[in-house]
file final-v5.txt (compact mmCIF, C-alpha atoms and all ligand atoms)
# COMPACT_ATOMS: atom_id res chain seq x y z
CA MET A 1 30.27 1.86 4.53
CA PRO A 2 30.49 0.03 1.15
CA ASP A 3 30.10 2.38 -1.81
CA ARG A 4 27.01 0.66 -3.12
CA VAL A 5 23.94 1.18 -0.95
CA ILE A 6 21.21 -1.40 -1.41
CA ASP A 7 18.11 0.49 -0.37
CA LEU A 8 15.34 -1.90 0.65
CA ARG A 9 13.59 0.46 3.11
CA SER A 10 10.56 0.85 0.86
CA ASP A 11 9.39 0.86 -2.73
CA THR A 12 8.80 4.59 -2.18
CA VAL A 13 12.55 5.27 -2.59
CA THR A 14 12.70 4.80 -6.37
CA LYS A 15 13.98 7.69 -8.47
CA PRO A 16 12.48 8.67 -11.84
CA SER A 17 14.32 7.11 -14.77
CA PRO A 18 15.67 9.30 -17.62
CA ALA A 19 12.66 8.30 -19.79
CA MET A 20 10.22 9.22 -17.00
CA ARG A 21 12.02 12.54 -16.55
CA GLN A 22 11.61 13.12 -20.27
CA ALA A 23 7.84 12.53 -19.94
CA ILE A 24 7.80 15.02 -17.04
CA ALA A 25 9.75 17.62 -19.02
CA THR A 26 7.45 17.49 -22.02
CA ALA A 27 4.09 17.27 -20.19
CA GLU A 28 1.31 19.63 -21.19
CA VAL A 29 0.06 21.48 -18.12
CA GLY A 30 -2.70 23.79 -16.92
CA ASP A 31 -4.12 24.88 -13.58
CA ASP A 32 -5.58 21.70 -12.11
CA VAL A 33 -7.36 23.44 -9.24
CA LEU A 34 -9.26 25.35 -11.92
CA GLY A 35 -9.80 22.02 -13.68
CA ASP A 36 -7.78 22.55 -16.83
CA ASP A 37 -4.61 20.49 -16.59
CA PRO A 38 -4.94 18.05 -19.51
CA THR A 39 -2.31 15.63 -18.22
CA VAL A 40 -3.93 15.32 -14.80
CA ALA A 41 -7.31 14.82 -16.49
CA ALA A 42 -5.81 12.11 -18.72
CA LEU A 43 -4.31 10.32 -15.71
CA GLU A 44 -7.61 10.46 -13.82
CA THR A 45 -9.54 9.02 -16.77
CA ARG A 46 -6.90 6.36 -17.25
CA VAL A 47 -7.11 5.21 -13.62
CA ALA A 48 -10.92 5.35 -13.52
CA ASP A 49 -10.97 3.04 -16.57
CA LEU A 50 -8.30 0.75 -15.13
CA LEU A 51 -10.28 0.34 -11.91
CA GLY A 52 -13.68 0.11 -13.60
CA LYS A 53 -15.14 3.24 -11.96
CA GLU A 54 -16.82 6.38 -13.33
CA ALA A 55 -14.27 8.91 -12.16
CA ALA A 56 -11.01 9.44 -10.29
CA VAL A 57 -9.03 12.22 -8.66
CA TYR A 58 -5.26 12.70 -8.39
CA ALA A 59 -3.71 13.73 -5.06
CA PRO A 60 -0.21 14.21 -3.64
CA SER A 61 -0.10 11.05 -1.50
CA GLY A 62 -1.74 7.75 -0.60
CA THR A 63 -2.46 9.14 2.82
CA MET A 64 -4.44 11.95 1.20
CA THR A 65 -6.38 9.68 -1.17
CA ASN A 66 -7.28 7.38 1.74
CA GLN A 67 -8.25 10.21 4.05
CA THR A 68 -10.22 12.28 1.56
CA ALA A 69 -12.10 9.10 0.63
CA ILE A 70 -12.81 8.36 4.30
CA ARG A 71 -13.96 11.95 4.79
CA ALA A 72 -16.28 11.68 1.78
CA HIS A 73 -17.75 8.35 2.93
CA THR A 74 -18.42 9.27 6.56
CA GLN A 75 -20.00 11.77 8.94
CA HIS A 76 -18.40 12.91 12.16
CA GLY A 77 -19.19 10.53 15.04
CA GLU A 78 -19.35 7.44 12.85
CA GLU A 79 -17.13 4.39 13.11
CA ILE A 80 -14.88 2.63 10.60
CA VAL A 81 -14.23 -1.12 10.65
CA MET A 82 -10.67 -2.13 9.74
CA ASP A 83 -7.65 -4.21 10.66
CA PRO A 84 -5.57 -2.61 13.44
CA ASP A 85 -2.44 -3.12 11.33
CA SER A 86 -3.90 -1.28 8.34
CA HIS A 87 -1.93 1.68 7.01
CA VAL A 88 -4.97 3.91 7.48
CA TYR A 89 -4.83 3.30 11.22
CA PHE A 90 -1.21 2.39 11.92
CA TYR A 91 0.66 4.96 9.80
CA GLU A 92 -1.73 7.85 9.13
CA CYS A 93 -1.38 9.85 12.34
CA ALA A 94 -4.92 9.18 13.65
CA ALA A 95 -6.27 10.98 10.58
CA PRO A 96 -9.69 9.22 10.60
CA ALA A 97 -10.22 10.73 14.06
CA ALA A 98 -8.50 14.05 13.40
CA LEU A 99 -9.91 14.80 9.95
CA SER A 100 -13.16 12.85 9.74
CA GLY A 101 -14.14 12.66 13.43
CA CYS A 102 -14.51 8.88 13.22
CA SER A 103 -13.56 6.18 15.68
CA SER A 104 -12.02 2.88 14.55
CA ARG A 105 -13.33 -0.58 15.36
CA PHE A 106 -10.84 -3.38 14.86
CA VAL A 107 -11.40 -6.76 13.30
CA GLN A 108 -9.79 -9.33 15.62
CA ASP A 109 -7.10 -11.85 14.67
CA SER A 110 -6.77 -11.16 10.97
CA HIS A 111 -4.28 -13.36 9.17
CA ARG A 112 -1.55 -11.05 7.86
CA GLY A 113 -4.14 -8.28 7.48
CA ILE A 114 -6.70 -10.49 5.75
CA PHE A 115 -10.02 -11.28 7.38
CA THR A 116 -13.38 -12.87 6.64
CA ALA A 117 -16.96 -11.63 6.61
CA ASP A 118 -17.52 -13.52 9.88
CA GLN A 119 -14.68 -11.61 11.51
CA VAL A 120 -16.34 -8.37 10.38
CA LYS A 121 -19.72 -9.57 11.62
CA ALA A 122 -18.20 -10.23 15.05
CA VAL A 123 -17.39 -6.52 15.50
CA LEU A 124 -20.61 -5.06 14.08
CA ARG A 125 -22.57 -3.13 16.65
CA PRO A 126 -26.28 -3.29 17.26
CA ARG A 127 -28.19 -0.35 15.86
CA ASN A 128 -29.30 1.34 19.07
CA ILE A 129 -29.02 4.63 20.90
CA HIS A 130 -25.65 3.72 22.47
CA ALA A 131 -23.70 2.60 19.46
CA PRO A 132 -21.91 4.72 16.85
CA ARG A 133 -23.13 4.17 13.34
CA GLN A 134 -20.64 1.98 11.48
CA SER A 135 -20.60 3.33 7.97
CA LEU A 136 -17.38 2.13 6.34
CA ILE A 137 -15.10 -0.90 6.02
CA VAL A 138 -11.49 -0.36 4.97
CA ILE A 139 -9.44 -3.15 3.38
CA GLU A 140 -5.79 -2.99 2.31
CA ASN A 141 -4.61 -4.97 -0.76
CA THR A 142 -1.79 -5.88 -0.74
CA HIS A 143 -1.44 -5.61 3.01
CA ASN A 144 1.74 -3.78 3.96
CA ARG A 145 2.24 -4.90 7.58
CA GLY A 146 0.89 -8.32 6.58
CA GLY A 147 4.02 -8.68 4.41
CA GLY A 148 2.48 -7.83 1.02
CA SER A 149 -0.34 -10.35 1.42
CA ILE A 150 -2.99 -10.60 -1.29
CA TRP A 151 -6.73 -10.74 -0.57
CA PRO A 152 -8.68 -13.76 -1.84
CA VAL A 153 -11.58 -12.42 -3.92
CA GLU A 154 -13.99 -14.79 -2.14
CA ASN A 155 -13.45 -12.89 1.13
CA LEU A 156 -14.10 -9.59 -0.64
CA ALA A 157 -17.34 -10.86 -2.17
CA ALA A 158 -18.61 -12.07 1.23
CA ILE A 159 -17.61 -8.83 2.97
CA ARG A 160 -19.35 -6.81 0.31
CA GLN A 161 -22.56 -8.76 0.84
CA LEU A 162 -22.36 -8.25 4.59
CA ALA A 163 -21.65 -4.55 4.10
CA ASP A 164 -24.64 -4.17 1.78
CA GLU A 165 -26.89 -5.89 4.33
CA ASN A 166 -25.69 -3.39 6.94
CA ASN A 167 -25.70 -0.32 4.73
CA MET A 168 -21.93 0.12 5.01
CA ARG A 169 -19.59 1.39 2.29
CA ARG A 170 -16.22 -0.13 1.38
CA HIS A 171 -12.89 1.56 0.65
CA MET A 172 -9.82 -0.28 -0.62
CA ASP A 173 -6.37 1.06 0.19
CA GLY A 174 -4.87 -0.37 -2.97
CA ALA A 175 -1.53 1.41 -2.65
CA ARG A 176 -0.04 -1.81 -4.03
CA LEU A 177 -3.10 -3.16 -5.87
CA MET A 178 -1.06 -3.60 -9.06
CA ASN A 179 1.35 -5.86 -7.16
CA ALA A 180 -1.63 -7.99 -6.17
CA CYS A 181 -2.83 -8.12 -9.79
CA VAL A 182 0.56 -9.05 -11.26
CA ALA A 183 1.18 -11.72 -8.60
CA SER A 184 -2.31 -13.25 -8.75
CA GLY A 185 -2.86 -12.89 -12.50
CA ARG A 186 -6.18 -11.15 -11.79
CA LYS A 187 -7.52 -7.97 -13.40
CA PRO A 188 -7.85 -4.86 -11.19
CA THR A 189 -11.64 -5.05 -11.60
CA ASP A 190 -11.68 -8.58 -10.13
CA TYR A 191 -10.87 -6.78 -6.87
CA THR A 192 -12.34 -3.31 -7.36
CA GLN A 193 -15.87 -4.51 -8.22
CA TYR A 194 -16.47 -5.05 -4.49
CA PHE A 195 -15.55 -1.48 -3.50
CA ASP A 196 -17.14 1.96 -3.60
CA SER A 197 -13.71 3.56 -3.69
CA ILE A 198 -10.15 2.45 -4.35
CA SER A 199 -6.91 4.35 -3.83
CA ILE A 200 -3.80 3.36 -5.78
CA CYS A 201 -0.29 4.77 -5.37
CA LEU A 202 1.91 5.68 -8.32
CA SER A 203 4.95 6.40 -6.16
CA LYS A 204 5.50 2.92 -4.76
CA GLY A 205 6.43 -0.04 -6.98
CA LEU A 206 5.25 1.84 -10.07
CA GLY A 207 8.16 4.23 -9.67
CA ALA A 208 6.63 7.71 -10.04
CA PRO A 209 8.11 10.37 -7.75
CA VAL A 210 4.77 11.59 -6.34
CA GLY A 211 1.09 10.85 -6.41
CA SER A 212 -1.89 8.64 -5.78
CA VAL A 213 -5.32 8.38 -7.39
CA VAL A 214 -8.67 7.50 -5.86
CA ALA A 215 -11.52 6.19 -8.01
CA GLY A 216 -15.27 5.80 -7.45
CA SER A 217 -18.62 7.07 -8.71
CA ALA A 218 -18.72 10.54 -10.28
CA GLU A 219 -20.77 11.85 -7.35
CA PHE A 220 -18.33 10.43 -4.80
CA ILE A 221 -15.28 11.76 -6.64
CA ALA A 222 -16.79 15.26 -6.73
CA LYS A 223 -16.92 15.10 -2.93
CA VAL A 224 -13.34 13.82 -2.72
CA ARG A 225 -12.22 16.69 -4.96
CA PHE A 226 -13.81 19.13 -2.52
CA PHE A 227 -12.05 17.52 0.47
CA ARG A 228 -8.74 17.36 -1.41
CA LYS A 229 -8.95 21.17 -1.71
CA GLN A 230 -10.04 21.53 1.91
CA PHE A 231 -7.12 19.35 3.10
CA GLY A 232 -4.68 21.48 1.09
CA GLY A 233 -4.03 18.99 -1.68
CA GLY A 234 -5.06 21.08 -4.70
CA MET A 235 -2.02 21.37 -6.97
CA ARG A 236 -1.72 23.79 -9.87
CA GLN A 237 0.49 22.66 -12.83
CA ALA A 238 0.38 19.10 -11.49
CA GLY A 239 0.54 17.68 -15.02
CA LEU A 240 4.32 17.50 -14.53
CA LEU A 241 3.73 14.92 -11.81
CA ALA A 242 0.77 13.25 -13.49
CA ALA A 243 2.94 12.67 -16.60
CA ALA A 244 5.24 10.54 -14.44
CA GLY A 245 2.17 8.62 -13.25
CA ILE A 246 1.02 7.95 -16.83
CA TYR A 247 4.55 6.84 -17.71
CA ALA A 248 4.53 4.51 -14.70
CA LEU A 249 1.22 2.93 -15.76
CA ASP A 250 2.51 2.50 -19.33
CA HIS A 251 5.86 0.94 -18.43
CA ASN A 252 6.10 -0.29 -14.87
CA ILE A 253 3.19 -2.62 -14.16
CA ASP A 254 4.29 -5.91 -15.72
CA ARG A 255 7.83 -5.55 -14.42
CA LEU A 256 6.53 -5.78 -10.83
CA ALA A 257 6.96 -9.54 -11.37
CA GLU A 258 10.74 -8.97 -11.18
CA ASP A 259 10.35 -7.32 -7.77
CA HIS A 260 8.29 -10.29 -6.60
CA ALA A 261 10.94 -12.74 -7.82
CA ASN A 262 13.65 -10.72 -6.06
CA ALA A 263 11.63 -10.69 -2.85
CA ARG A 264 11.33 -14.47 -3.00
CA ILE A 265 15.10 -14.87 -3.50
CA LEU A 266 15.73 -12.54 -0.57
CA ALA A 267 13.27 -14.44 1.62
CA GLN A 268 14.71 -17.84 0.72
CA GLY A 269 18.24 -16.62 1.50
CA LEU A 270 17.23 -14.95 4.77
CA ALA A 271 15.35 -18.05 5.92
CA LYS A 272 18.62 -20.01 5.83
CA LEU A 273 20.39 -17.67 8.22
CA PRO A 274 20.58 -18.56 11.92
CA GLY A 275 18.56 -16.21 14.12
CA ILE A 276 16.25 -15.12 11.30
CA THR A 277 12.74 -16.49 11.10
CA LEU A 278 10.36 -16.17 8.19
CA ASN A 279 8.34 -18.44 5.95
CA PRO A 280 9.38 -17.75 2.34
CA ALA A 281 6.02 -19.12 1.18
CA ASP A 282 4.40 -16.06 2.82
CA VAL A 283 6.19 -13.76 0.39
CA GLU A 284 3.57 -13.26 -2.30
CA THR A 285 4.63 -9.86 -3.64
CA ASN A 286 7.46 -7.37 -2.93
CA ILE A 287 7.48 -7.14 0.88
CA VAL A 288 9.61 -9.37 3.12
CA ILE A 289 9.10 -9.16 6.87
CA PHE A 290 11.32 -11.28 9.11
CA GLU A 291 11.77 -11.81 12.80
CA ILE A 292 15.18 -11.68 14.44
CA ALA A 293 16.25 -13.62 17.52
CA PRO A 294 17.05 -11.46 20.58
CA HIS A 295 20.77 -12.30 20.40
CA LEU A 296 20.89 -10.33 17.12
CA GLY A 297 19.49 -7.25 18.89
CA THR A 298 16.19 -5.49 18.30
CA GLY A 299 14.66 -4.73 14.93
CA ALA A 300 16.01 -1.18 15.23
CA THR A 301 19.57 -2.11 16.28
CA PHE A 302 19.75 -4.87 13.67
CA ALA A 303 18.59 -2.44 10.96
CA ALA A 304 21.31 -0.02 12.15
CA ARG A 305 23.96 -2.75 11.75
CA LEU A 306 22.65 -3.56 8.30
CA LYS A 307 22.85 0.12 7.41
CA GLU A 308 26.55 0.21 8.30
CA ALA A 309 27.02 -2.60 5.80
CA GLY A 310 25.15 -0.58 3.15
CA VAL A 311 21.95 -2.66 3.31
CA TRP A 312 19.06 -0.39 4.22
CA MET A 313 15.92 -1.92 5.71
CA MET A 314 13.41 -0.69 8.31
CA ALA A 315 12.48 -2.03 11.72
CA ASN A 316 8.83 -3.05 11.51
CA ALA A 317 8.17 -4.14 15.11
CA PRO A 318 10.37 -4.61 18.20
CA GLN A 319 11.83 -7.87 16.80
CA LYS A 320 10.92 -7.47 13.15
CA VAL A 321 12.56 -5.94 10.10
CA ARG A 322 10.99 -5.17 6.71
CA ALA A 323 12.64 -5.22 3.28
CA VAL A 324 10.84 -4.08 0.13
CA THR A 325 12.02 -4.80 -3.40
CA HIS A 326 11.47 -2.30 -6.21
CA LEU A 327 12.61 -1.20 -9.65
CA ASP A 328 15.85 0.34 -8.40
CA VAL A 329 17.20 -2.93 -6.93
CA SER A 330 18.48 -5.68 -9.18
CA ARG A 331 18.77 -9.40 -8.61
CA ASP A 332 22.52 -8.90 -8.33
CA GLN A 333 22.02 -6.39 -5.49
CA ILE A 334 19.69 -8.79 -3.69
CA GLU A 335 22.38 -11.47 -3.82
CA ASP A 336 24.98 -8.96 -2.65
CA ALA A 337 22.66 -7.95 0.25
CA LEU A 338 22.37 -11.59 1.34
CA VAL A 339 26.14 -12.00 1.38
CA ARG A 340 26.52 -8.83 3.47
CA ILE A 341 23.80 -9.92 5.91
CA GLN A 342 25.39 -13.33 6.28
CA LYS A 343 28.68 -11.63 7.20
CA ILE A 344 26.95 -9.52 9.85
CA ILE A 345 25.29 -12.51 11.42
CA GLY A 346 28.55 -14.44 11.23
CA GLY A 347 26.54 -17.48 10.29
CA THR A 348 28.42 -20.49 9.03
CA THR A 349 25.48 -21.71 6.95
CA PRO A 350 26.97 -22.14 3.49
CA GLY A 351 25.26 -21.07 0.31
CA VAL A 352 22.54 -18.58 1.23
CA LEU A 353 22.21 -18.13 -2.50
CA ALA A 354 21.96 -21.80 -3.41
N1 LIG A 401 3.56 3.17 3.10
C1 LIG A 401 4.92 3.53 3.44
C2 LIG A 401 5.01 3.92 4.92
O1 LIG A 401 4.07 4.88 5.23
C3 LIG A 401 4.86 2.79 5.86
C4 LIG A 401 5.82 2.37 3.14
O2 LIG A 401 7.06 2.59 3.14
O3 LIG A 401 5.34 1.26 2.89
N2 LIG A 401 -1.26 2.72 1.97
C5 LIG A 401 -0.29 1.80 2.09
C6 LIG A 401 -0.67 0.36 2.10
C7 LIG A 401 1.04 2.19 2.19
O4 LIG A 401 1.97 1.27 2.33
C8 LIG A 401 1.35 3.57 2.17
C9 LIG A 401 2.79 4.05 2.33
C10 LIG A 401 0.32 4.49 2.03
C11 LIG A 401 -1.00 4.03 1.94
C12 LIG A 401 0.54 5.97 2.08
O5 LIG A 401 1.19 6.47 0.98
P1 LIG A 401 1.92 7.90 1.04
O6 LIG A 401 3.25 7.66 1.64
O7 LIG A 401 1.95 8.32 -0.39
O8 LIG A 401 1.09 8.81 1.87
call {"tool": "encode", "arguments": {"input": "final-v5.txt", "output": "structure tokens"}}
result
Amino acid sequence: MPDRVIDLRSDTVTKPSPAMRQAIATAEVGDDVLGDDPTVAALETRVADLLGKEAAVYAPSGTMTNQTAIRAHTQHGEEIVMDPDSHVYFYECAAPAALSGCSSRFVQDSHRGIFTADQVKAVLRPRNIHAPRQSLIVIENTHNRGGGSIWPVENLAAIRQLADENNMRRHMDGARLMNACVASGRKPTDYTQYFDSISICLSKGLGAPVGSVVAGSAEFIAKVRFFRKQFGGGMRQAGLLAAAGIYALDHNIDRLAEDHANARILAQGLAKLPGITLNPADVETNIVIFEIAPHLGTGATFAARLKEAGVWMMANAPQKVRAVTHLDVSRDQIEDALVRIQKIIGGTTPGVLA
């Protein structure tokens, strides 16, 4: 294995920089379960303001912010409308069913995780004695399995109107909302105005080691805080972690543009290789998903071959592989990765970097 690993498995793999570690080391702390950690409180206020909501609560993970929000929005026996490829359904261990007692109703034929109000309307149930009450719509922006796709605000506005007409609430899994903002040039509130709650992750592209924050009305956040405790997510001197989150918001938002540029370079290079299929124009943010021809193996065996060459990616589907750019991979490493992948494929196509 080459000495230099290029780790493109996820933007969750970043390690805190020396300056972030310094912020962690000097953070003021208190007991956050008792409500007196000043650094956690400062982070929560900061995120509430950023997202244009009254209040926010810090939690250990994006899974927990999504699931405590779902628990606070719903009653057991209700149904949630979402895309079947959404993280909340695909990667969260059936938590809406296990923790909130809710079934899931899938929007059909979304385009890379993005759908319209009409597609939601098509799966709304009549209000009668047979149907579960549909109380919540979940939207993911950017959409992970959609390849980092960004929601058009027009769709969000129309879905909000439909939801209001049907007395349904809306939650955004905005784990990578800041990627959407940097890539689209929009403010967070351009997106968040259509939602009752929004979860953002600090430990993805923003580079903090741990933590997510969910924002909403003060009344809603009080409920989420209760469920965070019930789900075991109350943390004591969590200011150490929150300090990294504040550092991430101060320093690591604008630089997401570099990750997006690197993802585009990776996609353009990959698209030139025989046996690899992807449309570089689909790469809007920091996630690159590509299909491999059967002669190259499966997504899993191809990822294993890449790993031997020191290029770490993850199988995303039987014939698909995902690469995610982040603050610990440079342009130079992306170019190096392309050269290594070309060697594996044995392609004769010259100039993947041209
Ligand atoms: N996503 C991880 C894996 O779980 C797939 C990744 O490597 O991308 N929402 C979205 C859109 C996410 O992508 C993730 C993590 C989460 C929520 C959950 O965050 P954590 O891992 O903090 O629970």
call {"tool": "closest_atom_pairs", "arguments": {"input": "final-v5.txt", "of": "chain A", "to": "ligand LIG 401 (chain A)", "cutoff": "9 Å", "atoms": "only C-alpha atoms and all ligand atoms", "output": "tab-separated table"}}
result
residue	atom	partner	partner_atom	distance
A:Arg9	CA	A:LIG401	O2	6.9
A:Ser10	CA	A:LIG401	O2	4.5
A:Asp11	CA	A:LIG401	O2	6.5
A:Thr12	CA	A:LIG401	O2	5.9
A:Val13	CA	A:LIG401	O2	8.4
A:Pro60	CA	A:LIG401	O7	7.1
A:Ser61	CA	A:LIG401	O7	3.6
A:Gly62	CA	A:LIG401	O5	3.6
A:Thr63	CA	A:LIG401	O8	3.7
A:Met64	CA	A:LIG401	O8	6.4
A:Thr65	CA	A:LIG401	O8	8.1
A:Asn66	CA	A:LIG401	C11	7.1
A:Ser86	CA	A:LIG401	C6	7.2
A:His87	CA	A:LIG401	C5	5.2
A:Val88	CA	A:LIG401	N2	6.7
A:Phe90	CA	A:LIG401	C3	8.6
A:Tyr91	CA	A:LIG401	O1	5.7
A:Glu92	CA	A:LIG401	O1	7.6
A:Glu140	CA	A:LIG401	C6	6.1
A:Asn141	CA	A:LIG401	C6	7.2
A:Thr142	CA	A:LIG401	C6	6.9
A:His143	CA	A:LIG401	C6	6.1
A:Asn144	CA	A:LIG401	C6	5.1
A:Arg145	CA	A:LIG401	O4	8.1
A:Gly148	CA	A:LIG401	C6	8.8
A:Asp173	CA	A:LIG401	N2	5.7
A:Gly174	CA	A:LIG401	C6	6.6
A:Ala175	CA	A:LIG401	N2	4.8
A:Arg176	CA	A:LIG401	C6	6.5
A:Ser199	CA	A:LIG401	N2	8.3
A:Ile200	CA	A:LIG401	N2	8.2
A:Cys201	CA	A:LIG401	O7	6.5
A:Leu202	CA	A:LIG401	O7	8.4
A:Ser203	CA	A:LIG401	O7	6.8
A:Lys204	CA	A:LIG401	C9	7.7
A:Val210	CA	A:LIG401	O7	7.4
A:Gly211	CA	A:LIG401	O7	6.6
A:Ser212	CA	A:LIG401	O7	6.6
A:Ile287	CA	A:LIG401	O3	8.9
A:Met314	CA	A:LIG401	O2	8.8
A:Val324	CA	A:LIG401	O3	8.1
call {"tool": "write_last_selection", "arguments": {"input": "final-v5.txt", "atoms": "C-alpha atoms", "output": "PDB file, in the frame of the given file"}}
result
ATOM      1  CA  ARG A   9      13.590   0.460   3.110  1.00  0.00           C
ATOM      2  CA  SER A  10      10.560   0.850   0.860  1.00  0.00           C
ATOM      3  CA  ASP A  11       9.390   0.860  -2.730  1.00  0.00           C
ATOM      4  CA  THR A  12       8.800   4.590  -2.180  1.00  0.00           C
ATOM      5  CA  VAL A  13      12.550   5.270  -2.590  1.00  0.00           C
ATOM      6  CA  PRO A  60      -0.210  14.210  -3.640  1.00  0.00           C
ATOM      7  CA  SER A  61      -0.100  11.050  -1.500  1.00  0.00           C
ATOM      8  CA  GLY A  62      -1.740   7.750  -0.600  1.00  0.00           C
ATOM      9  CA  THR A  63      -2.460   9.140   2.820  1.00  0.00           C
ATOM     10  CA  MET A  64      -4.440  11.950   1.200  1.00  0.00           C
ATOM     11  CA  THR A  65      -6.380   9.680  -1.170  1.00  0.00           C
ATOM     12  CA  ASN A  66      -7.280   7.380   1.740  1.00  0.00           C
ATOM     13  CA  SER A  86      -3.900  -1.280   8.340  1.00  0.00           C
ATOM     14  CA  HIS A  87      -1.930   1.680   7.010  1.00  0.00           C
ATOM     15  CA  VAL A  88      -4.970   3.910   7.480  1.00  0.00           C
ATOM     16  CA  PHE A  90      -1.210   2.390  11.920  1.00  0.00           C
ATOM     17  CA  TYR A  91       0.660   4.960   9.800  1.00  0.00           C
ATOM     18  CA  GLU A  92      -1.730   7.850   9.130  1.00  0.00           C
ATOM     19  CA  GLU A 140      -5.790  -2.990   2.310  1.00  0.00           C
ATOM     20  CA  ASN A 141      -4.610  -4.970  -0.760  1.00  0.00           C
ATOM     21  CA  THR A 142      -1.790  -5.880  -0.740  1.00  0.00           C
ATOM     22  CA  HIS A 143      -1.440  -5.610   3.010  1.00  0.00           C
ATOM     23  CA  ASN A 144       1.740  -3.780   3.960  1.00  0.00           C
ATOM     24  CA  ARG A 145       2.240  -4.900   7.580  1.00  0.00           C
ATOM     25  CA  GLY A 148       2.480  -7.830   1.020  1.00  0.00           C
ATOM     26  CA  ASP A 173      -6.370   1.060   0.190  1.00  0.00           C
ATOM     27  CA  GLY A 174      -4.870  -0.370  -2.970  1.00  0.00           C
ATOM     28  CA  ALA A 175      -1.530   1.410  -2.650  1.00  0.00           C
ATOM     29  CA  ARG A 176      -0.040  -1.810  -4.030  1.00  0.00           C
ATOM     30  CA  SER A 199      -6.910   4.350  -3.830  1.00  0.00           C
ATOM     31  CA  ILE A 200      -3.800   3.360  -5.780  1.00  0.00           C
ATOM     32  CA  CYS A 201      -0.290   4.770  -5.370  1.00  0.00           C
ATOM     33  CA  LEU A 202       1.910   5.680  -8.320  1.00  0.00           C
ATOM     34  CA  SER A 203       4.950   6.400  -6.160  1.00  0.00           C
ATOM     35  CA  LYS A 204       5.500   2.920  -4.760  1.00  0.00           C
ATOM     36  CA  VAL A 210       4.770  11.590  -6.340  1.00  0.00           C
ATOM     37  CA  GLY A 211       1.090  10.850  -6.410  1.00  0.00           C
ATOM     38  CA  SER A 212      -1.890   8.640  -5.780  1.00  0.00           C
ATOM     39  CA  ILE A 287       7.480  -7.140   0.880  1.00  0.00           C
ATOM     40  CA  MET A 314      13.410  -0.690   8.310  1.00  0.00           C
ATOM     41  CA  VAL A 324      10.840  -4.080   0.130  1.00  0.00           C
TER      42      VAL A 324
END
call {"tool": "atom_distance", "arguments": {"input": "final-v5.txt", "atom1": "CA of Asp259 (chain A)", "atom2": "CA of Ala183 (chain A)"}}
result
10.2 Å
call {"tool": "closest_residue", "arguments": {"input": "final-v5.txt", "among": "A:Ile344, A:Ala23, A:Glu154, A:Arg133", "to": "Asn167 (chain A)", "atoms": "all atoms listed in the file"}}
result
A:Arg133
call {"tool": "atom_distance", "arguments": {"input": "final-v5.txt", "atom1": "CA of Thr116 (chain A)", "atom2": "CA of Arg71 (chain A)"}}
result
24.9 Å
call {"tool": "closest_residue", "arguments": {"input": "final-v5.txt", "among": "A:Ala309, A:Ala263, A:Leu206, A:Met82", "to": "Ile289 (chain A)", "atoms": "only C-alpha atoms"}}
result
A:Ala263
call {"tool": "residues_around", "arguments": {"input": "final-v5.txt", "residues": "Ile341 (chain A)", "least_positions_apart": "2", "cutoff": "12 Å", "atoms": "only C-alpha atoms", "output": "number ranges by chain"}}
result
A: 6, 266, 269-276, 296, 302-313, 334-339, 343-349, 352-353
call {"tool": "closest_residue", "arguments": {"input": "final-v5.txt", "among": "A:Ala27, A:Val213, A:Ile265, A:Ala19", "to": "Arg225 (chain A)", "atoms": "all atoms listed in the file"}}
result
A:Val213
call {"tool": "residues_around", "arguments": {"input": "final-v5.txt", "residues": "Met178 (chain A)", "least_positions_apart": "5", "cutoff": "12 Å", "atoms": "only C-alpha atoms", "output": "MDAnalysis selection string"}}
result
chainID A and resid 47 50:51 141:142 148 150 173 183:192 198:202 204:206 248:249 252:257 260 285:286
call {"tool": "closest_residue", "arguments": {"input": "final-v5.txt", "among": "A:Pro318, A:Gly297, A:Gly239, A:Gly113", "to": "Val29 (chain A)", "atoms": "only C-alpha atoms"}}
result
A:Gly239
call {"tool": "residues_around", "arguments": {"input": "final-v5.txt", "residues": "Pro16 (chain A)", "least_positions_apart": "4", "cutoff": "10 Å", "atoms": "all atoms listed in the file", "output": "list in words"}}
result
Met20, Arg21, Gln22, Ile24, Ser203, Gly207, Ala208, Pro209, Val210, Ala244, Ala248 and Asp328 of chain A
